[in-house]
$ cat model.txt   # compact mmCIF, C-alpha atoms
# COMPACT_ATOMS: atom_id res chain seq x y z
CA MET I 1 31.17 5.48 -0.68
CA ASN I 2 33.39 8.56 -0.79
CA PRO I 3 33.84 11.63 -3.02
CA GLN I 4 36.08 9.55 -5.33
CA ASN I 5 33.34 6.95 -5.63
CA PRO I 6 30.04 8.81 -4.96
CA ILE I 7 26.60 7.26 -4.62
CA LYS I 8 24.83 7.48 -7.98
CA VAL I 9 21.27 8.76 -7.55
CA LEU I 10 18.32 8.86 -9.94
CA LEU I 11 15.47 11.26 -9.17
CA VAL I 12 11.93 10.29 -10.18
CA ASP I 13 9.07 12.78 -9.79
CA ASP I 14 6.48 14.13 -12.19
CA HIS I 15 6.96 17.69 -10.91
CA ALA I 16 10.01 19.44 -12.35
CA VAL I 17 10.09 21.91 -9.44
CA VAL I 18 10.37 19.06 -6.94
CA ARG I 19 13.16 17.45 -8.96
CA SER I 20 15.01 20.77 -9.09
CA GLY I 21 14.79 21.14 -5.33
CA LEU I 22 16.03 17.61 -4.71
CA ALA I 23 18.79 18.03 -7.29
CA ALA I 24 20.00 21.14 -5.49
CA VAL I 25 20.19 19.18 -2.23
CA LEU I 26 22.17 16.39 -3.85
CA MET I 27 24.60 18.51 -5.81
CA VAL I 28 25.95 20.32 -2.75
CA ASN I 29 27.03 16.98 -1.28
CA ASP I 30 30.18 15.42 -2.73
CA GLU I 31 29.04 12.00 -1.53
CA PHE I 32 26.30 11.92 -4.17
CA GLU I 33 26.24 12.04 -7.95
CA LEU I 34 22.96 12.91 -9.66
CA VAL I 35 23.05 10.69 -12.74
CA GLY I 36 19.55 11.36 -14.09
CA GLU I 37 15.97 12.47 -13.67
CA ALA I 38 12.66 10.91 -14.74
CA GLY I 39 9.11 12.22 -14.81
CA ASN I 40 7.30 8.90 -14.45
CA GLY I 41 7.88 5.29 -13.47
CA GLU I 42 8.21 3.95 -17.00
CA GLU I 43 10.97 6.43 -17.78
CA ALA I 44 12.64 5.54 -14.49
CA VAL I 45 12.83 1.86 -15.44
CA ARG I 46 14.46 2.73 -18.77
CA LEU I 47 16.99 5.02 -17.09
CA CYS I 48 17.87 2.38 -14.51
CA ASP I 49 18.86 0.06 -17.34
CA ARG I 50 21.07 2.70 -18.92
CA LEU I 51 22.45 4.56 -15.89
CA GLN I 52 22.61 1.79 -13.26
CA PRO I 53 22.19 4.13 -10.26
CA ASN I 54 22.86 2.95 -6.73
CA VAL I 55 19.74 4.60 -5.35
CA VAL I 56 16.45 5.73 -6.89
CA ILE I 57 14.44 8.42 -5.10
CA MET I 58 10.92 7.57 -6.22
CA ASP I 59 7.72 9.60 -6.06
CA MET I 60 4.62 7.43 -5.63
CA MET I 61 1.82 9.21 -7.49
CA MET I 62 2.80 9.71 -11.14
CA PRO I 63 1.23 9.32 -14.58
CA VAL I 64 2.00 6.50 -17.06
CA MET I 65 3.44 4.21 -14.35
CA ASP I 66 3.14 5.01 -10.66
CA GLY I 67 5.91 4.66 -8.09
CA VAL I 68 4.73 1.38 -6.60
CA ALA I 69 4.65 -0.36 -9.99
CA ALA I 70 7.99 1.14 -11.03
CA THR I 71 9.59 0.10 -7.74
CA ALA I 72 8.43 -3.47 -8.23
CA VAL I 73 9.86 -3.61 -11.77
CA ILE I 74 13.16 -2.03 -10.79
CA ARG I 75 13.65 -4.29 -7.77
CA GLU I 76 12.88 -7.37 -9.85
CA LYS I 77 15.14 -6.44 -12.79
CA TYR I 78 17.89 -4.69 -10.85
CA PRO I 79 17.92 -6.01 -7.26
CA GLN I 80 21.20 -4.19 -6.59
CA ILE I 81 19.42 -0.82 -6.95
CA ALA I 82 17.86 0.53 -3.74
CA VAL I 83 14.62 2.50 -3.97
CA ILE I 84 13.58 5.22 -1.54
CA ALA I 85 9.92 6.20 -1.67
CA LEU I 86 9.63 9.99 -1.29
CA THR I 87 6.06 11.25 -1.41
CA SER I 88 3.47 13.60 0.04
CA PHE I 89 1.10 10.74 0.79
CA ARG I 90 1.01 8.88 4.10
CA GLU I 91 -1.94 6.50 3.59
CA LYS I 92 -1.23 3.04 4.95
CA GLU I 93 -2.21 1.35 1.66
CA LEU I 94 0.48 3.34 -0.17
CA VAL I 95 3.09 2.71 2.53
CA GLU I 96 2.34 -1.03 2.45
CA GLY I 97 2.34 -1.07 -1.36
CA ALA I 98 5.71 0.66 -1.63
CA LEU I 99 7.39 -1.57 0.94
CA LYS I 100 5.92 -4.75 -0.55
CA ALA I 101 7.18 -3.61 -3.97
CA GLY I 102 10.68 -3.47 -2.51
CA ALA I 103 11.30 0.11 -1.41
CA ILE I 104 13.86 0.13 1.40
CA SER I 105 12.63 3.43 2.87
CA TYR I 106 9.46 5.52 2.91
CA LEU I 107 9.87 9.24 3.53
CA LEU I 108 7.61 12.26 3.20
CA LYS I 109 8.59 15.32 1.18
CA ASN I 110 8.87 17.41 4.33
CA VAL I 111 12.07 15.49 5.11
CA THR I 112 15.16 17.60 5.84
CA ALA I 113 18.23 17.58 3.61
CA GLU I 114 20.18 15.84 6.39
CA GLU I 115 17.52 13.14 6.80
CA LEU I 116 17.40 12.52 3.04
CA ALA I 117 21.18 12.28 2.84
CA ALA I 118 21.20 9.81 5.73
CA ALA I 119 18.49 7.73 4.03
CA ILE I 120 20.45 7.60 0.77
CA LYS I 121 23.66 6.52 2.52
CA GLY I 122 21.68 4.02 4.57
CA ALA I 123 19.99 2.60 1.47
CA VAL I 124 23.27 1.44 -0.08
CA LEU I 125 24.05 -0.33 3.19
CA GLY I 126 20.63 -2.01 3.32
CA GLN I 127 19.40 0.13 6.20
CA PRO I 128 15.69 1.02 6.00
CA ARG I 129 14.25 4.32 7.17
CA LEU I 130 10.59 5.22 7.70
CA SER I 131 9.11 8.62 8.37
CA PRO I 132 7.20 8.79 11.67
CA GLU I 133 3.99 9.08 9.67
CA ALA I 134 4.77 5.93 7.69
CA THR I 135 5.60 4.06 10.87
CA GLN I 136 2.30 5.15 12.39
CA ALA I 137 0.44 4.04 9.26
CA LEU I 138 1.97 0.57 9.50
CA ILE I 139 1.17 0.31 13.19
CA GLN I 140 -2.42 1.31 12.47
CA SER I 141 -2.57 -1.26 9.67
CA ILE I 142 -1.49 -4.00 12.09
CA LYS I 143 -4.07 -2.89 14.65
CA THR I 144 -6.90 -2.71 12.11
CA PRO I 145 -8.31 -6.16 11.29
CA LYS I 146 -8.61 -6.93 7.61
CA THR I 147 -12.15 -7.01 6.27
CA ILE I 148 -12.91 -10.42 4.80
CA ASP I 149 -15.09 -10.67 1.71
CA TYR I 150 -17.47 -13.55 2.38
CA GLN I 151 -19.03 -13.26 -1.09
CA LEU I 152 -22.54 -12.79 0.28
CA THR I 153 -25.20 -11.86 -2.24
CA GLU I 154 -27.40 -8.81 -1.65
CA ARG I 155 -30.30 -11.10 -0.65
CA GLU I 156 -28.05 -13.01 1.77
CA LYS I 157 -26.89 -9.73 3.32
CA GLU I 158 -30.52 -8.72 3.69
CA ILE I 159 -31.40 -11.98 5.41
CA LEU I 160 -28.30 -11.80 7.61
CA ALA I 161 -29.38 -8.33 8.75
CA LEU I 162 -32.77 -9.73 9.74
CA MET I 163 -31.05 -12.58 11.57
CA VAL I 164 -29.09 -9.96 13.51
CA GLU I 165 -32.43 -8.35 14.40
CA GLY I 166 -33.38 -11.67 15.97
CA LEU I 167 -35.94 -12.82 13.39
CA GLY I 168 -36.50 -16.53 12.80
CA ASN I 169 -36.94 -18.14 9.40
CA ASN I 170 -40.74 -17.80 9.36
CA GLU I 171 -40.57 -14.13 10.32
CA ILE I 172 -37.91 -13.50 7.67
CA SER I 173 -40.08 -15.25 5.08
CA ARG I 174 -43.07 -13.04 5.94
CA ARG I 175 -40.92 -9.88 5.95
CA LEU I 176 -39.41 -10.63 2.54
CA VAL I 177 -42.51 -12.31 1.10
CA VAL I 178 -40.68 -15.51 0.19
CA SER I 179 -41.33 -19.15 1.01
CA PRO I 180 -39.85 -20.70 4.18
CA SER I 181 -37.88 -23.13 2.02
CA THR I 182 -36.28 -20.21 0.17
CA THR I 183 -35.32 -18.56 3.45
CA LYS I 184 -33.95 -21.83 4.78
CA PHE I 185 -31.86 -22.22 1.61
CA HIS I 186 -30.40 -18.71 1.98
CA VAL I 187 -29.67 -19.17 5.69
CA SER I 188 -27.84 -22.41 4.93
CA ASN I 189 -25.74 -20.62 2.29
CA ILE I 190 -24.96 -17.82 4.74
CA LEU I 191 -23.74 -20.23 7.40
CA SER I 192 -21.61 -22.03 4.84
CA LYS I 193 -20.02 -18.86 3.47
CA LEU I 194 -19.31 -17.49 6.94
CA GLY I 195 -17.82 -20.82 8.00
CA VAL I 196 -20.05 -21.13 11.05
CA SER I 197 -22.42 -23.86 12.23
CA SER I 198 -25.20 -21.90 13.92
CA ARG I 199 -27.32 -18.76 13.62
CA THR I 200 -25.81 -17.46 16.85
CA GLU I 201 -22.29 -17.74 15.46
CA ALA I 202 -23.41 -16.08 12.23
CA VAL I 203 -24.90 -13.14 14.10
CA ALA I 204 -21.81 -12.77 16.29
CA LEU I 205 -19.52 -12.78 13.26
CA ALA I 206 -21.75 -10.33 11.39
CA LEU I 207 -21.54 -7.88 14.28
CA LYS I 208 -17.79 -8.35 14.74
CA GLN I 209 -17.00 -7.86 11.05
CA ASN I 210 -19.62 -5.16 10.44
CA LEU I 211 -21.20 -7.27 7.70
CA VAL I 212 -24.60 -5.63 8.04
CA LYS I 213 -25.64 -1.99 8.08
$ encode --input "model.txt" --output "structure tokens"
Amino acid sequence: MNPQNPIKVLLVDDHAVVRSGLAAVLMVNDEFELVGEAGNGEEAVRLCDRLQPNVVIMDMMMPVMDGVAATAVIREKYPQIAVIALTSFREKELVEGALKAGAISYLLKNVTAEELAAAIKGAVLGQPRLSPEATQALIQSIKTPKTIDYQLTEREKEILALMVEGLGNNEISRRLVVSPSTTKFHVSNILSKLGVSSRTEAVALALKQNLVK
């Protein structure tokens, strides 16, 4: 795009001061045209329908409809519109959520005017950009194994903890003041839910997944 055909940008942030600062950055660059501003995700979706911007600069944490939800709606309804997440938050859950919703880039609000301009121009070309913090969050997410919910009941967790201590069924029964048949029933359920065939495997998995305290 060139000054005769500038990139149309929509700003979305619930803080007017932030929008003013971003608007000032955009308006000094002839390559961009600020076509509108929104204070929440719901308003952003409505403006996208009316203004048809090329790029939306989207805050993540907003009232009414947050940035992740708004990004998902915009990308579904208007796939030709690129969304850049611009936020103060670097948590990996938010980074993952924004990118899964369809944001092409994830930047923090400490970004320079030059970096933001490059991200906007890159967005219309399909070129993603991630802040170093967002990249690190994604790397950490890949390194961190997902915790699996095995749907254990509180009693089953209690028995599993005793299994980890090395107690047999009879000892568990005495500790919990229940019948051996009840303990055997719970142990069988635990093995089934964990997808293992022995007490040893159950204990190993419990320790690996931090299933007991």
$ closest_residue --input "model.txt" --among "I:Ile139, I:Val73, I:Ile84, I:Leu160" --to "I:Val124" --atoms "only C-alpha atoms"
I:Ile84
$ atom_distance --input "model.txt" --atom1 "atom CA of I:Val25" --atom2 "atom CA of I:Phe89"
21.1 Å
$ atom_distance --input "model.txt" --atom1 "atom CA of I:Asp49" --atom2 "atom CA of I:Lys77"
8.8 Å
$ closest_residue --input "model.txt" --among "I:Ser179, I:Ile104, I:Ile148, I:Glu133" --to "I:Lys121" --atoms "all atoms listed in the file"
I:Ile104
$ atom_distance --input "model.txt" --atom1 "atom CA of I:Arg75" --atom2 "atom CA of I:Ser20"
25.1 Å
$ closest_residue --input "model.txt" --among "I:Val55, I:Asp149, I:Val18, I:Gly41" --to "I:Gly122" --atoms "all atoms listed in the file"
I:Val55
$ closest_residue --input "model.txt" --among "I:Leu107, I:Ala123, I:Met60, I:Ala38" --to "I:Gln80" --atoms "only C-alpha atoms"
I:Ala123
$ closest_residue --input "model.txt" --among "I:Ala23, I:Leu152, I:Val9, I:Val28" --to "I:Ala82" --atoms "only C-alpha atoms"
I:Val9
$ closest_residue --input "model.txt" --among "I:Met61, I:Leu47, I:Leu26, I:Ala117" --to "I:Leu94" --atoms "only C-alpha atoms"
I:Met61
$ residues_near_point --input "model.txt" --point "(5.1, 3.1, -11.0)" --cutoff "10 Å" --atoms "all atoms listed in the file" --output "PDB file with C-alpha atoms, in the frame of the given file"
ATOM      1  CA  VAL I  12      11.930  10.290 -10.180  1.00  0.00           C
ATOM      2  CA  ASN I  40       7.300   8.900 -14.450  1.00  0.00           C
ATOM      3  CA  GLY I  41       7.880   5.290 -13.470  1.00  0.00           C
ATOM      4  CA  GLU I  42       8.210   3.950 -17.000  1.00  0.00           C
ATOM      5  CA  GLU I  43      10.970   6.430 -17.780  1.00  0.00           C
ATOM      6  CA  ALA I  44      12.640   5.540 -14.490  1.00  0.00           C
ATOM      7  CA  VAL I  45      12.830   1.860 -15.440  1.00  0.00           C
ATOM      8  CA  MET I  58      10.920   7.570  -6.220  1.00  0.00           C
ATOM      9  CA  ASP I  59       7.720   9.600  -6.060  1.00  0.00           C
ATOM     10  CA  MET I  60       4.620   7.430  -5.630  1.00  0.00           C
ATOM     11  CA  MET I  61       1.820   9.210  -7.490  1.00  0.00           C
ATOM     12  CA  MET I  62       2.800   9.710 -11.140  1.00  0.00           C
ATOM     13  CA  PRO I  63       1.230   9.320 -14.580  1.00  0.00           C
ATOM     14  CA  VAL I  64       2.000   6.500 -17.060  1.00  0.00           C
ATOM     15  CA  MET I  65       3.440   4.210 -14.350  1.00  0.00           C
ATOM     16  CA  ASP I  66       3.140   5.010 -10.660  1.00  0.00           C
ATOM     17  CA  GLY I  67       5.910   4.660  -8.090  1.00  0.00           C
ATOM     18  CA  VAL I  68       4.730   1.380  -6.600  1.00  0.00           C
ATOM     19  CA  ALA I  69       4.650  -0.360  -9.990  1.00  0.00           C
ATOM     20  CA  ALA I  70       7.990   1.140 -11.030  1.00  0.00           C
ATOM     21  CA  THR I  71       9.590   0.100  -7.740  1.00  0.00           C
ATOM     22  CA  ALA I  72       8.430  -3.470  -8.230  1.00  0.00           C
ATOM     23  CA  VAL I  73       9.860  -3.610 -11.770  1.00  0.00           C
ATOM     24  CA  ILE I  74      13.160  -2.030 -10.790  1.00  0.00           C
ATOM     25  CA  ALA I  98       5.710   0.660  -1.630  1.00  0.00           C
ATOM     26  CA  ALA I 101       7.180  -3.610  -3.970  1.00  0.00           C
TER      27      ALA I 101
END
$ build_atoms --input "model.txt" --residues "stretch 156-182 of chain I" --atoms "N, CA and C atoms" --output "short mmCIF file (atom, residue, chain, number, x, y, z; two decimals), in the coordinates of the input"
data_model
loop_
_atom_site.label_atom_id
_atom_site.label_comp_id
_atom_site.auth_asym_id
_atom_site.auth_seq_id
_atom_site.Cartn_x
_atom_site.Cartn_y
_atom_site.Cartn_z
N GLU I 156 -28.61 -12.38 0.57
CA GLU I 156 -28.05 -13.01 1.77
C GLU I 156 -27.69 -11.96 2.82
N LYS I 157 -27.18 -10.82 2.38
CA LYS I 157 -26.89 -9.73 3.32
C LYS I 157 -28.18 -9.23 3.99
N GLU I 158 -29.23 -9.17 3.18
CA GLU I 158 -30.52 -8.72 3.69
C GLU I 158 -31.05 -9.68 4.74
N ILE I 159 -30.94 -10.97 4.46
CA ILE I 159 -31.40 -11.98 5.41
C ILE I 159 -30.52 -11.99 6.65
N LEU I 160 -29.21 -11.83 6.47
CA LEU I 160 -28.30 -11.80 7.61
C LEU I 160 -28.64 -10.62 8.53
N ALA I 161 -29.00 -9.49 7.95
CA ALA I 161 -29.38 -8.33 8.75
C ALA I 161 -30.63 -8.62 9.58
N LEU I 162 -31.56 -9.36 9.00
CA LEU I 162 -32.77 -9.73 9.74
C LEU I 162 -32.46 -10.75 10.82
N MET I 163 -31.49 -11.63 10.55
CA MET I 163 -31.05 -12.58 11.57
C MET I 163 -30.45 -11.82 12.76
N VAL I 164 -29.68 -10.78 12.46
CA VAL I 164 -29.09 -9.96 13.51
C VAL I 164 -30.18 -9.29 14.34
N GLU I 165 -31.30 -8.95 13.68
CA GLU I 165 -32.43 -8.35 14.40
C GLU I 165 -33.12 -9.36 15.31
N GLY I 166 -32.80 -10.64 15.13
CA GLY I 166 -33.38 -11.67 15.97
C GLY I 166 -34.56 -12.40 15.34
N LEU I 167 -34.82 -12.18 14.05
CA LEU I 167 -35.94 -12.82 13.39
C LEU I 167 -35.62 -14.27 13.05
N GLY I 168 -36.63 -15.14 13.20
CA GLY I 168 -36.50 -16.53 12.80
C GLY I 168 -36.83 -16.69 11.32
N ASN I 169 -36.70 -17.91 10.82
CA ASN I 169 -36.94 -18.14 9.40
C ASN I 169 -38.35 -17.76 8.97
N ASN I 170 -39.36 -18.12 9.75
CA ASN I 170 -40.74 -17.80 9.36
C ASN I 170 -40.97 -16.29 9.32
N GLU I 171 -40.41 -15.59 10.31
CA GLU I 171 -40.57 -14.13 10.32
C GLU I 171 -39.84 -13.49 9.15
N ILE I 172 -38.67 -14.02 8.83
CA ILE I 172 -37.91 -13.50 7.67
C ILE I 172 -38.71 -13.74 6.40
N SER I 173 -39.29 -14.92 6.28
CA SER I 173 -40.08 -15.25 5.08
C SER I 173 -41.24 -14.27 4.91
N ARG I 174 -41.95 -13.98 6.02
CA ARG I 174 -43.07 -13.04 5.94
C ARG I 174 -42.58 -11.63 5.60
N ARG I 175 -41.45 -11.23 6.19
CA ARG I 175 -40.92 -9.88 5.95
C ARG I 175 -40.52 -9.70 4.47
N LEU I 176 -39.91 -10.73 3.91
CA LEU I 176 -39.41 -10.63 2.54
C LEU I 176 -40.38 -11.19 1.50
N VAL I 177 -41.48 -11.72 1.98
CA VAL I 177 -42.51 -12.31 1.10
C VAL I 177 -41.89 -13.40 0.22
N VAL I 178 -41.23 -14.35 0.88
CA VAL I 178 -40.68 -15.51 0.19
C VAL I 178 -41.10 -16.75 0.96
N SER I 179 -40.95 -17.91 0.35
CA SER I 179 -41.33 -19.15 1.01
C SER I 179 -40.32 -19.52 2.09
N PRO I 180 -40.77 -20.25 3.12
CA PRO I 180 -39.85 -20.70 4.18
C PRO I 180 -38.68 -21.53 3.63
N SER I 181 -38.95 -22.31 2.59
CA SER I 181 -37.88 -23.13 2.02
C SER I 181 -36.81 -22.25 1.37
N THR I 182 -37.24 -21.14 0.77
CA THR I 182 -36.28 -20.21 0.17
C THR I 182 -35.42 -19.56 1.26
#
